[in-house]
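Coordinates as given in coords-v6.cif (mmCIF, C-alpha atoms):
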```cif
data_entry
loop_
_atom_site.label_atom_id
_atom_site.label_comp_id
_atom_site.auth_asym_id
_atom_site.auth_seq_id
_atom_site.Cartn_x
_atom_site.Cartn_y
_atom_site.Cartn_z
CA MET A 768 112.22 155.90 90.57
CA ASN A 769 108.44 156.01 90.78
CA GLY A 770 107.01 152.60 91.59
CA LEU A 771 103.70 151.27 90.31
CA ASP A 772 100.49 152.00 92.19
CA PRO A 773 98.29 149.02 93.19
CA ARG A 774 96.09 149.39 90.16
CA GLN A 775 99.07 149.40 87.81
CA ARG A 776 100.51 146.36 89.60
CA THR A 777 97.28 144.43 89.05
CA ALA A 778 97.17 145.51 85.43
CA LEU A 779 100.79 144.46 84.91
CA ARG A 780 100.07 141.00 86.31
CA GLN A 781 97.19 140.64 83.90
CA GLN A 782 99.39 141.74 81.02
CA LEU A 783 102.04 139.22 82.01
CA GLU A 784 99.48 136.39 82.18
CA ASN A 785 99.07 137.02 78.44
CA GLY A 786 102.82 137.18 77.89
CA LEU A 787 105.20 139.88 76.72
CA PRO A 788 104.22 141.71 73.55
CA LEU A 789 106.55 140.65 70.74
CA THR A 790 107.78 144.17 70.09
CA ALA A 791 111.34 145.47 69.94
CA ARG A 792 111.10 146.82 73.51
CA PRO A 793 108.40 144.70 75.19
CA TRP A 794 108.70 146.25 78.65
CA GLN A 795 108.49 149.73 77.14
CA THR A 796 105.31 148.66 75.34
CA LEU A 797 103.80 147.39 78.60
CA ALA A 798 104.82 150.59 80.38
CA GLU A 799 103.12 152.73 77.74
CA GLN A 800 99.91 150.71 78.12
CA LEU A 801 100.05 151.22 81.89
CA GLY A 802 101.03 154.87 81.79
CA SER A 803 104.24 154.08 83.61
CA SER A 804 107.94 153.88 82.86
CA GLU A 805 109.92 150.96 81.48
CA ALA A 806 112.21 151.11 84.52
CA ALA A 807 109.32 150.89 86.99
CA VAL A 808 107.71 147.98 85.14
CA LEU A 809 110.99 146.08 84.97
CA GLU A 810 111.70 146.73 88.63
CA GLN A 811 108.31 145.28 89.56
CA ALA A 812 108.76 142.21 87.37
CA ARG A 813 112.21 141.53 88.81
CA GLN A 814 110.84 141.88 92.32
CA TRP A 815 108.09 139.34 91.60
CA ASN A 816 110.66 137.03 90.05
CA ASP A 817 112.94 137.33 93.11
CA GLU A 818 110.01 136.70 95.44
CA GLY A 819 109.20 133.44 93.66
CA LEU A 820 105.88 134.51 92.17
CA PHE A 821 107.06 133.06 88.85
CA ARG A 822 107.75 129.36 88.61
CA ARG A 823 109.65 130.13 85.44
CA PHE A 824 109.94 132.98 82.98
CA GLY A 825 110.40 132.21 79.30
CA LEU A 826 108.90 130.55 76.26
CA VAL A 827 105.67 128.69 76.93
CA VAL A 828 105.11 126.38 73.98
CA HIS A 829 102.03 124.64 72.65
CA HIS A 830 103.64 121.22 72.84
CA ARG A 831 100.94 119.57 70.71
CA ASN A 832 101.70 121.93 67.85
CA LEU A 833 105.40 121.10 68.16
CA GLY A 834 104.63 117.48 67.41
CA PHE A 835 104.28 116.25 71.00
CA ARG A 836 100.92 114.65 70.48
CA ALA A 837 101.35 111.50 72.54
CA ASN A 838 100.78 112.96 75.97
CA ALA A 839 99.95 110.65 78.82
CA MET A 840 98.81 111.32 82.33
CA LEU A 841 100.01 108.39 84.41
CA VAL A 842 97.96 108.02 87.59
CA LEU A 843 98.82 105.61 90.40
CA ASP A 844 97.24 104.52 93.66
CA ILE A 845 100.17 104.51 96.09
CA PRO A 846 99.79 103.76 99.81
CA ASP A 847 99.91 107.05 101.72
CA HIS A 848 103.06 106.16 103.64
CA GLN A 849 104.99 105.56 100.41
CA VAL A 850 103.66 108.32 98.20
CA ASP A 851 106.26 110.97 99.06
CA ALA A 852 109.23 108.67 98.49
CA ILE A 853 107.85 107.33 95.21
CA GLY A 854 106.77 110.79 94.05
CA GLU A 855 110.29 112.15 94.63
CA ARG A 856 111.78 109.29 92.61
CA LEU A 857 109.35 109.55 89.70
CA GLY A 858 109.73 113.34 89.71
CA ARG A 859 113.44 112.91 88.94
CA ALA A 860 112.92 110.32 86.20
CA ASP A 861 113.66 111.13 82.54
CA GLY A 862 110.63 112.11 80.51
CA VAL A 863 108.44 112.96 83.52
CA ASN A 864 107.51 116.63 83.12
CA LEU A 865 105.24 117.00 86.11
CA CYS A 866 104.69 114.89 89.19
CA TYR A 867 102.05 115.78 91.76
CA GLN A 868 100.24 114.24 94.69
CA ARG A 869 96.49 114.85 94.63
CA PRO A 870 93.66 113.57 96.85
CA ARG A 871 91.72 110.38 96.09
CA ARG A 872 87.96 110.80 95.64
CA LEU A 873 86.57 107.42 96.62
CA PRO A 874 84.72 105.54 95.32
CA HIS A 875 85.03 107.38 92.00
CA TRP A 876 88.73 108.09 91.86
CA PRO A 877 91.31 105.95 93.71
CA PHE A 878 94.52 107.48 92.33
CA ASN A 879 96.74 109.85 94.33
CA LEU A 880 99.93 110.27 92.28
CA PHE A 881 99.95 112.01 88.88
CA CYS A 882 102.80 112.15 86.33
CA MET A 883 102.76 113.80 82.93
CA VAL A 884 104.80 112.22 80.17
CA HIS A 885 104.91 113.98 76.79
CA GLY A 886 106.12 112.38 73.60
CA ARG A 887 105.76 112.18 69.84
CA GLU A 888 104.70 108.55 69.44
CA ARG A 889 102.14 106.78 71.53
CA ALA A 890 103.96 103.43 71.45
CA ALA A 891 107.20 105.06 72.57
CA VAL A 892 105.49 106.79 75.47
CA GLN A 893 103.80 103.54 76.50
CA ALA A 894 107.12 101.69 76.36
CA HIS A 895 108.86 104.46 78.28
CA ILE A 896 106.25 104.35 81.04
CA ALA A 897 106.27 100.54 81.23
CA GLU A 898 110.03 100.66 81.65
CA LEU A 899 109.74 103.45 84.23
CA LEU A 900 107.22 101.49 86.30
CA ALA A 901 109.30 98.31 86.14
CA ARG A 902 112.51 100.11 87.11
CA HIS A 903 110.84 101.61 90.18
CA GLY A 904 109.07 98.39 91.14
CA LEU A 905 105.66 99.91 90.53
CA ASP A 906 104.25 97.70 87.77
CA GLN A 907 102.06 95.84 90.29
CA MET A 908 100.65 99.04 91.79
CA PRO A 909 97.18 100.01 90.51
CA HIS A 910 97.68 102.53 87.74
CA ARG A 911 96.13 103.91 84.54
CA LEU A 912 97.47 105.72 81.53
CA LEU A 913 95.21 108.52 80.30
CA PHE A 914 96.37 109.73 76.90
CA SER A 915 95.01 113.07 75.79
CA THR A 916 93.35 112.80 72.41
CA ARG A 917 92.28 116.39 71.90
CA ALA A 918 93.00 119.85 73.32
CA PHE A 919 89.91 122.00 73.72
CA LYS A 920 91.84 124.83 75.36
CA GLN A 921 95.48 125.43 76.16
CA ARG A 922 96.63 128.65 77.76
CA GLY A 923 98.05 130.02 80.98
CA GLY A 924 96.11 130.48 84.19
CA ARG A 925 94.29 133.67 85.05
CA PHE A 926 94.93 134.34 88.72
CA THR A 927 94.56 138.08 88.97
CA PRO A 928 91.11 139.26 90.00
CA SER A 929 89.40 141.53 87.49
CA LEU A 930 89.90 145.20 88.07
CA PRO A 931 86.88 146.91 89.57
CA GLN A 932 84.94 148.96 87.07
CA GLU A 933 85.35 152.11 89.09
CA THR A 934 88.43 153.29 90.89
CA ALA A 935 88.19 153.57 94.63
CA HIS A 936 87.97 157.07 95.99
CA GLY A 937 91.18 158.70 97.09
CA MET B 458 106.24 120.77 62.44
CA GLN B 459 109.86 121.11 61.33
CA LEU B 460 111.78 123.48 63.56
CA ASP B 461 114.70 125.47 62.23
CA ASP B 462 117.91 125.57 64.19
CA LEU B 463 117.28 128.91 65.92
CA SER B 464 113.76 127.83 66.99
CA ARG B 465 115.16 124.67 68.53
CA ARG B 466 117.86 126.57 70.39
CA LEU B 467 115.41 129.18 71.66
CA ILE B 468 113.06 126.47 72.93
CA GLU B 469 115.86 124.44 74.51
CA ARG B 470 117.47 127.40 76.21
CA TYR B 471 114.71 129.86 77.11
CA GLN B 472 111.76 128.00 78.57
CA HIS B 473 113.09 129.36 81.83
CA GLN B 474 115.46 132.12 82.89
CA LEU B 475 114.70 134.36 79.97
CA PRO B 476 116.41 137.65 80.85
CA ILE B 477 114.13 140.26 82.42
CA CYS B 478 115.78 143.41 81.05
CA THR B 479 115.13 146.34 78.73
CA ASP B 480 116.18 144.46 75.60
CA PRO B 481 115.65 140.75 76.23
CA TRP B 482 115.90 139.81 72.53
CA GLN B 483 119.38 141.36 72.35
CA ALA B 484 120.48 139.59 75.53
CA MET B 485 119.27 136.29 74.06
CA ALA B 486 120.85 137.06 70.69
CA ASP B 487 124.21 137.76 72.37
CA GLU B 488 124.10 134.37 74.02
CA LEU B 489 122.99 132.52 70.88
CA GLY B 490 125.30 134.38 68.49
CA CYS B 491 122.68 135.97 66.25
CA SER B 492 120.88 139.31 66.02
CA ALA B 493 118.01 140.61 68.16
CA ALA B 494 115.92 140.94 64.98
CA GLU B 495 116.43 137.25 64.23
CA VAL B 496 115.33 136.29 67.76
CA LEU B 497 112.22 138.44 67.54
CA ASP B 498 111.37 137.22 64.02
CA CYS B 499 111.76 133.64 65.15
CA LEU B 500 109.46 134.16 68.16
CA ARG B 501 106.86 135.86 65.95
CA ARG B 502 107.03 132.99 63.49
CA LEU B 503 106.59 130.39 66.24
CA ASP B 504 103.67 132.43 67.52
CA GLU B 505 102.04 132.60 64.07
CA GLN B 506 102.55 128.86 63.58
CA GLY B 507 100.75 128.20 66.85
CA ALA B 508 103.82 126.67 68.47
CA LEU B 509 104.15 129.44 71.04
CA SER B 510 101.57 130.10 73.72
CA ARG B 511 103.39 133.17 75.03
CA VAL B 512 106.68 134.50 76.30
CA GLY B 513 106.44 135.33 79.97
CA PRO B 514 105.93 133.95 83.43
CA VAL B 515 104.35 130.70 84.47
CA PHE B 516 102.97 131.70 87.84
CA GLU B 517 103.63 129.71 90.98
CA HIS B 518 100.08 128.56 91.72
CA SER B 519 100.36 128.60 95.48
CA ARG B 520 101.65 132.18 95.48
CA ALA B 521 99.66 133.60 92.61
CA GLY B 522 96.30 132.30 93.81
CA ALA B 523 94.52 128.97 93.83
CA SER B 524 94.25 126.19 91.29
CA THR B 525 92.84 122.72 91.00
CA LEU B 526 92.63 119.89 88.47
CA VAL B 527 89.07 118.93 87.57
CA ALA B 528 87.63 115.94 85.74
CA LEU B 529 84.16 115.33 84.36
CA ALA B 530 82.69 112.06 83.08
CA VAL B 531 80.91 113.34 80.00
CA PRO B 532 78.64 111.09 77.90
CA GLN B 533 80.05 110.84 74.36
CA SER B 534 76.94 112.43 72.86
CA ARG B 535 77.35 115.58 74.99
CA LEU B 536 81.10 115.99 74.64
CA GLU B 537 81.21 118.93 72.23
CA GLN B 538 78.52 120.81 74.11
CA VAL B 539 80.07 120.30 77.57
CA ALA B 540 83.61 121.06 76.37
CA GLU B 541 82.39 124.31 74.91
CA LEU B 542 80.48 125.21 78.09
CA VAL B 543 83.57 124.53 80.18
CA ASN B 544 85.83 126.52 77.84
CA ARG B 545 83.70 129.60 78.37
CA TYR B 546 84.80 129.96 81.99
CA PRO B 547 87.75 132.34 82.26
CA GLU B 548 88.99 130.19 85.17
CA VAL B 549 89.50 127.23 82.83
CA ASN B 550 92.74 126.47 81.02
CA HIS B 551 94.31 123.31 79.61
CA ASN B 552 91.05 121.56 78.82
CA TYR B 553 91.81 118.12 77.36
CA LEU B 554 89.94 115.06 76.25
CA ARG B 555 91.46 111.94 77.82
CA GLU B 556 90.83 108.23 77.44
CA HIS B 557 88.89 107.29 80.57
CA ASP B 558 85.31 107.40 81.89
CA TYR B 559 86.46 110.69 83.37
CA ASN B 560 87.22 112.04 79.94
CA LEU B 561 87.28 115.83 80.24
CA TRP B 562 90.21 117.21 82.27
CA PHE B 563 90.91 120.85 82.90
CA VAL B 564 92.71 123.16 85.29
CA LEU B 565 90.88 125.92 87.16
CA THR B 566 92.80 128.94 88.39
CA GLY B 567 91.58 131.94 90.34
CA PRO B 568 92.53 134.47 92.99
CA ASP B 569 91.50 132.16 95.86
CA ARG B 570 90.00 128.77 96.70
CA GLN B 571 86.56 130.27 97.26
CA SER B 572 86.36 131.52 93.68
CA LEU B 573 87.22 128.01 92.45
CA GLU B 574 84.50 126.45 94.59
CA ARG B 575 81.94 128.86 93.16
CA CYS B 576 83.11 127.95 89.68
CA LEU B 577 82.89 124.19 90.43
CA GLU B 578 79.33 124.59 91.71
CA ASP B 579 78.42 126.56 88.66
CA ILE B 580 79.90 123.94 86.34
CA GLN B 581 77.97 121.21 88.15
CA GLN B 582 74.71 123.14 87.82
CA THR B 583 75.27 124.07 84.19
CA THR B 584 76.36 120.63 83.01
CA GLY B 585 74.48 118.40 85.48
CA LEU B 586 77.75 116.47 85.93
CA ALA B 587 79.59 116.05 89.25
CA PRO B 588 83.17 117.27 88.94
CA LEU B 589 86.14 115.58 90.57
CA ASP B 590 88.05 118.31 92.40
CA LEU B 591 91.72 117.31 92.67
CA PRO B 592 93.81 120.16 94.10
CA MET B 593 97.55 119.58 94.31
CA ARG B 594 98.68 118.29 97.69
CA ARG B 595 102.37 118.19 96.96
CA ALA B 596 104.62 118.82 93.96
CA TYR B 597 107.50 116.42 93.32
CA ARG B 598 108.34 117.94 89.97
CA ILE B 599 107.02 121.24 88.71
CA ASP B 600 106.72 122.55 85.22
CA LEU B 601 110.10 123.73 83.96
CA GLY B 602 109.30 123.22 80.31
CA PHE B 603 110.51 120.18 78.48
CA SER B 604 113.39 119.06 76.36
CA LEU B 605 113.03 118.59 72.61
CA GLU B 606 115.80 116.00 72.80
CA ALA B 607 115.14 113.98 75.95
CA THR B 608 111.46 113.38 75.26
CA PRO B 609 110.31 109.97 74.00
#
```
structure tokens encoding of this file:
Amino acid sequence: MNGLDPRQRTALRQQLENGLPLTARPWQTLAEQLGSSEAAVLEQARQWNDEGLFRRFGLVVHHRNLGFRANAMLVLDIPDHQVDAIGERLGRADGVNLCYQRPRRLPHWPFNLFCMVHGRERAAVQAHIAELLARHGLDQMPHRLLFSTRAFKQRGGRFTPSLPQETAHG
Amino acid sequence: MQLDDLSRRLIERYQHQLPICTDPWQAMADELGCSAAEVLDCLRRLDEQGALSRVGPVFEHSRAGASTLVALAVPQSRLEQVAELVNRYPEVNHNYLREHDYNLWFVLTGPDRQSLERCLEDIQQTTGLAPLDLPMRRAYRIDLGFSLEATP
């Protein structure tokens, strides 16, 4: 089987950042656009998947358009020596979709632990988070709830550098 | 939005581990007990309704390149203008208005950290606002999609 050349690999990554075409044979469609074969394209995608380049592969939904409009970012200021243990616990809690440690930026930003909680109703999300904080003994820790009130842009990341305008010699 | 039964099952089952094979819609249809045409029609409908961003990979940030979460404190009167400026950068995705003095929150992604720093500098110059740069230090739970059922 002929593999993809570096240029085709880069182009395939860019295609995949936009998602599979919703055609009867999506990988065949991608292969035609690349001037390659369906088998080679699939082989490359499976290899990337096996290597862990993909966090997941599947439907990526616009949660706001599905009715999940009460979306809160819970941020907490947790002492450094406790942040890993508390992050692990909150990361396993029901309704927490994402849980990350990020740096503080003092004096502007004192919070180092971030959790995303998505829901349909604002009051339900607030109640869920209050209960979550109480259950984990965190209600006295400094924290804020930042609901999102509008999406200006929602799409996947673009990681792949743009292809050079001209092909390298050789 | 009211979801039909097949839409719900597709969303519940295939936010991850969608089969990477020559005929993924057929493989999904076999598992869900319907036809490949019904799967594809359903995905197209979700796409047209704006419920679907795409079908494909969510890249592992640390392997695919670099990313960071950024916040700007934008005066209310400049919100539309600054949000639009920020949206123009190809590095920007997930740009949201949030209830805080730091009210504009977005994710930057790029091939490497250097490209993000250039973008941050550019945003600061263009908007006159100092961005908070909050790269991930550690993930305790990563994005695996979410449940239609177990969500408050």
Tell me which residues the PyMOL selection byres ((chain B and resi 540) around 12) grabs here, as an MDAnalysis selection string.
-> (chainID A and resid 917:920) or (chainID B and resid 528:539 541:546 549:554 560:563 580 583:584)
Quick one: of B:Gln474, B:Ser510, B:Thr525, B:Ser604, who's nearest to Val863 of chain A, counting only C-alpha atoms?
->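 Smallest separation from Val863 of chain A among the options: B:Ser604.
The closest residue to Arg555 of chain B, picked from A:Asn838, A:Asn864, A:Thr927, A:Thr796 and counting only C-alpha atoms, is A:Asn838.
Going from atom CA of Phe516 of chain B to atom CA of Asn785 of chain A covers 11.5 Å.
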Contact residues around Leu801 of chain A with all atoms listed in the file at 9 Å, ignoring same-chain residues under 5 positions, as number ranges by chain = A: 775, 778-779, 796, 808
Would you compute the box with edges along x, y and z of the file around segment 479-488 of chain B, including every atom the file lists for it and 5 Å extra on each side, and give its centre and edge lengths in Å to one decimal, as AutoDock Vina command-line options?
```
--center_x 119.7 --center_y 140.4 --center_z 74.7 --size_x 19.1 --size_y 22.0 --size_z 18.0
```
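If all atoms listed in the file are the atoms counted, then among A:Leu857, A:Val850, A:Leu833, A:Leu771 the closest residue to Val884 of chain A is A:Leu857.
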